[in-house]
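For reference, input_16.txt is printed below; it contains compact mmCIF, C-alpha atoms and all ligand atoms.
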# COMPACT_ATOMS: atom_id res chain seq x y z
CA MET A 1 1.98 -18.65 32.42
CA GLY A 2 -1.71 -17.86 32.24
CA LYS A 3 -3.60 -18.83 29.10
CA VAL A 4 -4.98 -15.73 27.37
CA ILE A 5 -8.21 -16.32 25.44
CA ALA A 6 -9.93 -13.59 23.41
CA ILE A 7 -13.69 -14.05 23.00
CA THR A 8 -14.22 -12.55 19.58
CA ASN A 9 -16.74 -12.13 16.77
CA GLN A 10 -17.34 -8.80 15.06
CA LYS A 11 -21.08 -9.48 15.04
CA GLY A 12 -22.87 -7.93 17.99
CA GLY A 13 -25.32 -9.93 20.07
CA VAL A 14 -23.81 -13.39 19.51
CA GLY A 15 -23.03 -14.03 23.19
CA LYS A 16 -19.44 -12.77 23.59
CA THR A 17 -20.07 -10.90 26.83
CA THR A 18 -22.39 -13.54 28.27
CA THR A 19 -19.73 -16.15 27.53
CA SER A 20 -16.91 -13.99 28.92
CA ILE A 21 -18.70 -13.43 32.23
CA ASN A 22 -19.96 -16.96 32.75
CA LEU A 23 -16.89 -18.81 31.49
CA CYS A 24 -14.80 -16.70 33.89
CA ALA A 25 -17.20 -17.42 36.75
CA ALA A 26 -17.25 -21.15 35.97
CA LEU A 27 -13.44 -21.33 35.83
CA ALA A 28 -13.22 -19.40 39.12
CA LEU A 29 -15.64 -21.92 40.68
CA MET A 30 -13.16 -24.60 39.61
CA LYS A 31 -10.61 -22.66 41.72
CA LYS A 32 -8.75 -21.32 38.70
CA LYS A 33 -7.33 -17.85 39.17
CA VAL A 34 -9.04 -15.76 36.46
CA LEU A 35 -8.80 -12.24 35.06
CA LEU A 36 -11.62 -10.83 32.89
CA VAL A 37 -10.38 -8.02 30.63
CA ASP A 38 -13.14 -5.78 29.26
CA MET A 39 -12.27 -4.28 25.86
CA ASP A 40 -15.76 -3.10 24.92
CA ALA A 41 -16.82 0.55 25.37
CA GLN A 42 -20.29 -0.63 26.38
CA SER A 43 -18.61 -2.22 29.43
CA ASN A 44 -21.34 -4.83 29.72
CA ALA A 45 -18.90 -7.39 31.12
CA THR A 46 -17.72 -4.95 33.80
CA GLN A 47 -21.28 -4.21 34.89
CA GLY A 48 -22.56 -7.72 34.39
CA ILE A 49 -20.01 -9.09 36.86
CA GLY A 50 -21.15 -6.52 39.41
CA ILE A 51 -18.43 -3.86 39.26
CA ASP A 52 -19.89 -0.43 40.03
CA ARG A 53 -18.91 1.81 37.12
CA SER A 54 -19.09 4.98 39.21
CA SER A 55 -16.35 3.59 41.47
CA LEU A 56 -13.84 3.37 38.64
CA GLU A 57 -11.02 5.87 38.34
CA LYS A 58 -9.00 4.13 35.68
CA THR A 59 -9.93 1.51 33.10
CA THR A 60 -8.56 -0.38 30.08
CA TYR A 61 -8.76 2.97 28.27
CA ASP A 62 -5.96 4.35 30.47
CA VAL A 63 -3.94 1.17 29.97
CA LEU A 64 -4.15 1.51 26.17
CA ILE A 65 -3.74 5.25 25.81
CA ASP A 66 -1.58 6.36 28.77
CA GLU A 67 0.14 3.01 29.35
CA VAL A 68 -1.02 2.94 32.95
CA PRO A 69 0.06 -0.41 34.54
CA ILE A 70 -2.79 -2.91 34.27
CA GLU A 71 -2.30 -3.90 37.93
CA SER A 72 -3.48 -0.46 38.95
CA ILE A 73 -6.90 -0.83 37.28
CA ILE A 74 -7.65 -4.42 38.34
CA LYS A 75 -10.58 -4.89 40.75
CA HIS A 76 -11.49 -7.96 42.75
CA SER A 77 -14.99 -9.15 41.88
CA GLU A 78 -17.42 -10.57 44.44
CA ILE A 79 -16.54 -14.00 43.05
CA PRO A 80 -13.51 -15.60 44.73
CA HIS A 81 -10.53 -16.08 42.34
CA LEU A 82 -12.03 -13.70 39.74
CA ASP A 83 -10.53 -10.27 39.02
CA VAL A 84 -11.64 -7.73 36.44
CA ALA A 85 -9.80 -5.17 34.33
CA PRO A 86 -12.83 -2.92 33.77
CA ALA A 87 -13.82 -0.82 30.76
CA SER A 88 -15.65 2.46 30.49
CA ILE A 89 -17.36 4.48 27.78
CA ASP A 90 -14.02 6.29 27.23
CA LEU A 91 -13.09 3.32 25.03
CA ALA A 92 -15.61 4.58 22.46
CA GLY A 93 -13.07 7.09 21.16
CA VAL A 94 -10.04 4.89 21.46
CA GLU A 95 -9.90 3.63 17.85
CA VAL A 96 -9.12 7.13 16.59
CA GLN A 97 -6.66 7.83 19.39
CA LEU A 98 -4.84 4.54 18.88
CA SER A 99 -4.62 5.03 15.14
CA ALA A 100 -2.71 8.27 15.75
CA ILE A 101 0.06 6.39 17.61
CA PRO A 102 2.86 5.87 15.08
CA LYS A 103 4.47 2.72 16.48
CA GLY A 104 3.34 -0.31 18.48
CA ARG A 105 -0.32 0.63 18.69
CA GLU A 106 -1.40 -2.98 18.09
CA LYS A 107 0.77 -4.28 20.95
CA ARG A 108 -0.26 -2.02 23.81
CA LEU A 109 -2.48 -4.58 25.54
CA ARG A 110 0.06 -7.36 25.06
CA LYS A 111 2.79 -5.22 26.63
CA ALA A 112 0.54 -4.25 29.51
CA MET A 113 -0.40 -7.87 30.23
CA ASP A 114 3.19 -9.11 30.45
CA SER A 115 3.33 -8.17 34.13
CA VAL A 116 0.15 -10.05 35.14
CA ARG A 117 0.25 -13.17 32.95
CA ASN A 118 1.98 -15.15 35.66
CA GLN A 119 -0.59 -14.28 38.28
CA TYR A 120 -3.55 -16.02 36.61
CA ASP A 121 -4.45 -19.43 35.22
CA TYR A 122 -6.77 -17.89 32.62
CA ILE A 123 -7.12 -14.38 31.24
CA ILE A 124 -10.32 -13.90 29.23
CA ILE A 125 -10.71 -10.85 26.98
CA ASP A 126 -14.22 -9.68 26.07
CA CYS A 127 -13.84 -8.11 22.60
CA PRO A 128 -15.91 -5.34 21.00
CA PRO A 129 -18.26 -6.01 18.05
CA ALA A 130 -15.85 -4.64 15.42
CA LEU A 131 -12.60 -5.62 13.73
CA GLY A 132 -10.72 -2.44 14.67
CA LEU A 133 -7.61 -1.73 16.72
CA LEU A 134 -9.24 -2.78 20.01
CA ASN A 135 -9.86 -6.20 18.53
CA THR A 136 -6.33 -6.31 17.05
CA ASN A 137 -4.90 -5.45 20.48
CA ALA A 138 -6.90 -8.33 21.97
CA LEU A 139 -5.81 -10.81 19.28
CA THR A 140 -2.18 -9.70 19.61
CA ALA A 141 -2.28 -10.18 23.38
CA ALA A 142 -4.05 -13.54 23.18
CA ASP A 143 -2.78 -17.11 22.92
CA SER A 144 -6.04 -18.19 21.30
CA VAL A 145 -9.49 -17.06 20.23
CA LEU A 146 -12.84 -18.47 21.29
CA ILE A 147 -15.51 -17.66 18.70
CA PRO A 148 -19.16 -17.65 19.81
CA VAL A 149 -21.53 -18.37 16.92
CA GLN A 150 -25.23 -17.72 17.37
CA CYS A 151 -27.50 -20.50 16.12
CA GLU A 152 -29.45 -18.45 13.56
CA TYR A 153 -29.68 -17.85 9.84
CA TYR A 154 -26.42 -16.51 8.40
CA ALA A 155 -24.50 -17.89 11.40
CA LEU A 156 -21.44 -18.37 9.22
CA GLU A 157 -21.75 -14.97 7.58
CA GLY A 158 -18.91 -12.70 8.57
CA LEU A 159 -16.79 -15.58 9.83
CA THR A 160 -14.61 -15.49 6.70
CA GLN A 161 -13.75 -11.90 7.55
CA LEU A 162 -13.02 -12.87 11.14
CA LEU A 163 -10.80 -15.78 10.04
CA ASN A 164 -8.93 -13.46 7.66
CA THR A 165 -8.36 -11.03 10.53
CA ILE A 166 -7.02 -13.89 12.65
CA LEU A 167 -4.67 -14.94 9.80
CA LEU A 168 -3.49 -11.37 9.34
CA THR A 169 -2.83 -10.96 13.07
CA GLN A 170 -0.92 -14.25 13.03
CA SER A 171 1.27 -13.18 10.14
CA VAL A 172 2.02 -9.66 11.37
CA PHE A 173 1.74 -9.44 15.16
CA ASN A 174 1.27 -12.80 16.83
CA ARG A 175 2.36 -15.94 15.00
CA ASN A 176 1.44 -18.16 17.98
CA LEU A 177 -2.26 -17.26 17.90
CA THR A 178 -4.50 -20.32 17.61
CA ILE A 179 -8.22 -21.06 17.52
CA GLU A 180 -9.21 -22.17 21.01
CA GLY A 181 -12.68 -23.24 19.99
CA VAL A 182 -16.01 -22.38 18.41
CA LEU A 183 -19.02 -22.12 20.71
CA LEU A 184 -22.59 -22.48 19.50
CA THR A 185 -24.82 -20.11 21.47
CA MET A 186 -28.52 -19.37 21.97
CA LEU A 187 -29.71 -22.67 20.56
CA ASP A 188 -33.47 -22.99 20.46
CA SER A 189 -33.81 -26.75 20.27
CA ARG A 190 -37.51 -26.49 19.41
CA THR A 191 -36.62 -25.29 15.93
CA ASN A 192 -35.12 -27.24 13.03
CA LEU A 193 -33.09 -24.17 12.19
CA GLY A 194 -30.98 -24.47 15.33
CA VAL A 195 -30.14 -28.08 14.51
CA GLU A 196 -29.32 -27.23 10.89
CA VAL A 197 -27.00 -24.39 11.89
CA THR A 198 -25.29 -26.64 14.43
CA GLN A 199 -24.59 -29.19 11.70
CA GLU A 200 -23.37 -26.54 9.28
CA VAL A 201 -20.96 -25.04 11.83
CA ARG A 202 -19.64 -28.48 12.82
CA LYS A 203 -19.07 -29.36 9.15
CA TYR A 204 -16.99 -26.22 8.74
CA PHE A 205 -15.04 -26.08 12.03
CA LYS A 206 -15.04 -29.82 12.82
CA ASP A 207 -13.63 -30.72 16.24
CA LYS A 208 -12.86 -27.09 17.02
CA VAL A 209 -16.55 -26.83 17.92
CA TYR A 210 -17.25 -27.48 21.61
CA LYS A 211 -19.51 -30.41 22.45
CA THR A 212 -21.32 -28.06 24.81
CA VAL A 213 -23.95 -25.94 23.09
CA ILE A 214 -25.33 -22.97 25.04
CA PRO A 215 -29.15 -23.05 24.92
CA ARG A 216 -31.33 -19.98 24.74
CA ASN A 217 -32.10 -19.47 28.43
CA VAL A 218 -33.88 -16.45 29.85
CA LYS A 219 -31.92 -16.64 33.11
CA LEU A 220 -28.74 -15.93 31.16
CA SER A 221 -30.24 -12.69 29.88
CA GLU A 222 -31.59 -11.65 33.30
CA ALA A 223 -28.44 -12.25 35.37
CA PRO A 224 -26.38 -9.25 34.13
CA SER A 225 -28.95 -6.70 35.27
CA ALA A 226 -28.51 -8.09 38.79
CA GLY A 227 -24.72 -7.81 38.37
CA LEU A 228 -24.42 -11.55 38.92
CA SER A 229 -22.95 -14.48 37.06
CA ILE A 230 -25.43 -17.21 36.15
CA PHE A 231 -24.05 -19.31 39.04
CA ASP A 232 -25.02 -16.70 41.62
CA TYR A 233 -28.25 -15.77 39.84
CA ASP A 234 -29.65 -19.26 39.26
CA SER A 235 -27.20 -22.10 39.66
CA ARG A 236 -29.79 -24.71 38.68
CA SER A 237 -30.67 -23.11 35.35
CA GLU A 238 -29.78 -24.73 32.04
CA GLY A 239 -27.58 -21.71 31.38
CA ALA A 240 -25.50 -22.40 34.49
CA LYS A 241 -25.20 -26.09 33.67
CA SER A 242 -24.07 -25.40 30.12
CA TYR A 243 -21.41 -22.82 31.06
CA ALA A 244 -20.10 -25.18 33.75
CA ARG A 245 -19.76 -27.87 31.06
CA LEU A 246 -18.02 -25.43 28.73
CA ALA A 247 -15.48 -24.54 31.43
CA LYS A 248 -14.70 -28.23 31.91
CA GLU A 249 -14.11 -28.61 28.17
CA VAL A 250 -11.83 -25.56 28.13
CA VAL A 251 -9.83 -26.93 31.06
CA SER A 252 -9.54 -30.38 29.51
CA ARG A 253 -8.45 -28.97 26.11
CA ASN A 254 -5.74 -26.99 27.90
CA GLY A 255 -4.71 -29.64 30.41
CA ARG A 256 -4.56 -27.04 33.15
P1 LIG B 1 -22.31 -9.79 22.48
O1 LIG B 1 -21.37 -9.52 23.62
O2 LIG B 1 -21.75 -10.71 21.45
O3 LIG B 1 -22.85 -8.53 21.87
P2 LIG B 1 -24.19 -10.63 24.52
O4 LIG B 1 -23.51 -11.65 25.34
O5 LIG B 1 -24.25 -9.24 25.09
O6 LIG B 1 -23.58 -10.59 23.06
O7 LIG B 1 -25.65 -11.17 24.20
C1 LIG B 1 -26.59 -10.41 23.46
C2 LIG B 1 -27.95 -10.44 24.15
O8 LIG B 1 -28.44 -11.77 24.19
C3 LIG B 1 -27.88 -9.99 25.59
O9 LIG B 1 -29.07 -9.30 25.90
C4 LIG B 1 -27.79 -11.28 26.38
O10 LIG B 1 -28.33 -11.15 27.68
C5 LIG B 1 -28.60 -12.21 25.52
N1 LIG B 1 -28.11 -13.61 25.59
C6 LIG B 1 -26.83 -14.03 25.40
N2 LIG B 1 -26.75 -15.37 25.47
C7 LIG B 1 -28.01 -15.82 25.72
C8 LIG B 1 -28.60 -17.12 25.90
N3 LIG B 1 -27.87 -18.23 25.81
N4 LIG B 1 -29.92 -17.19 26.13
C9 LIG B 1 -30.68 -16.07 26.19
N5 LIG B 1 -30.20 -14.83 26.04
C10 LIG B 1 -28.88 -14.69 25.80
MG MG B 2 -20.52 -7.68 24.28

Translate the structure described by the file into structure tokens.
Amino acid sequence: MGKVIAITNQKGGVGKTTTSINLCAALALMKKKVLLVDMDAQSNATQGIGIDRSSLEKTTYDVLIDEVPIESIIKHSEIPHLDVAPASIDLAGVEVQLSAIPKGREKRLRKAMDSVRNQYDYIIIDCPPALGLLNTNALTAADSVLIPVQCEYYALEGLTQLLNTILLTQSVFNRNLTIEGVLLTMLDSRTNLGVEVTQEVRKYFKDKVYKTVIPRNVKLSEAPSAGLSIFDYDSRSEGAKSYARLAKEVVSRNGR
């Protein structure tokens, strides 16, 4: 059975998509069979991994709303061992459409993924920056959540809300959901602030926090516009090294 990890934080701009793309690419480089599921209407993960949006007929929108089999939307990426379930802007209206479904609206993604779980070692879900039904679908489908936390003022702000959402999902839809890990992102080691935030987050989440901290690295922000993972864009960059280290930690925590 593939391990399903939702990359979630309702704050925008904390590194969810960057982590989704590059963790997937790093795991694929370790010869793990990986599926990246894009649940964000902005479809930055889909584009960032080099899938041409104009080539897409069906996306995660169709899976959620029309219960189209997920196999039929999956595309092979240019990266060996890495497949993508792409998103499109259609997802922007999906919260309203889902909320009109009387029964099982929170479980649509989970149901859809049943048929592909066995085909992958890891399934990584890139979540939207909101705690709505898309996020609930992701948390209900997932075995665990990976929470990126940006090293800035108010890093912990909003995390109580996120943790409450996780608890609620556990109690109502998915009692097996666990916290995979907390990832510190965009650390600027030249500032004291970054170090202080790191300490604060470690005090709160203890050994759930990955040893690997993702530094602020301009290559990581440039790579998506080329439609490349950091490993194909600049494999010698600090960004590439740090996401490779993160993937090793994820694999060792999971023993697979
Ligand atoms: P989210 O998906 O949480 O909204 P993104 O991954 O899209 O966040 O990141 C927000 C912005 O910050 C993007 O422009 C991205 O390229 C940039 N970014 C993300 N991580 C880093 C990093 N470690 N160093 C520099 N820029 C980064
Ligand atoms: Mg994003």

Could you state the separation of atom CA of Ile70 of chain A and atom CA of Ser115 of chain A in Å, given to one decimal place?
-> 8.1 Å

Box in all listed atoms of segment 234-252 of chain A, axis-aligned, with 8 Å more on each side; write out centre and edge lengths in Å to one decimal as lines of an AutoDock Vina configuration file.
center_x = -20.1
center_y = -24.8
center_z = 33.9
size_x = 37.1
size_y = 27.1
size_z = 27.5

If you count only C-alpha atoms and all ligand atoms, which residues end up within 9 Å of ligand LIG 1 (chain B), as a PyMOL selection string?
-> chain A and resi 7-21+40+44-45+126-129+148-150+185-188+214-225+239

Provide the atom CA of Ile5 of chain A to atom CA of Val96 of chain A distance in Å, to one decimal place.
->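 Atom CA of Ile5 of chain A sits 25.1 Å away from atom CA of Val96 of chain A.
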
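Of the listed residues A:Leu228, A:Ile89, A:Ile123, A:Ala141, the one whose atoms come nearest to Ala41 of chain A is A:Ile89, with distances taken using all atoms listed in the file.
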
Two-atom distance - atom CA of Ile73 of chain A, atom CA of Thr60 of chain A (Å) |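 Computing the Euclidean distance for atom CA of Ile73 of chain A and atom CA of Thr60 of chain A yields 7.4 Å.
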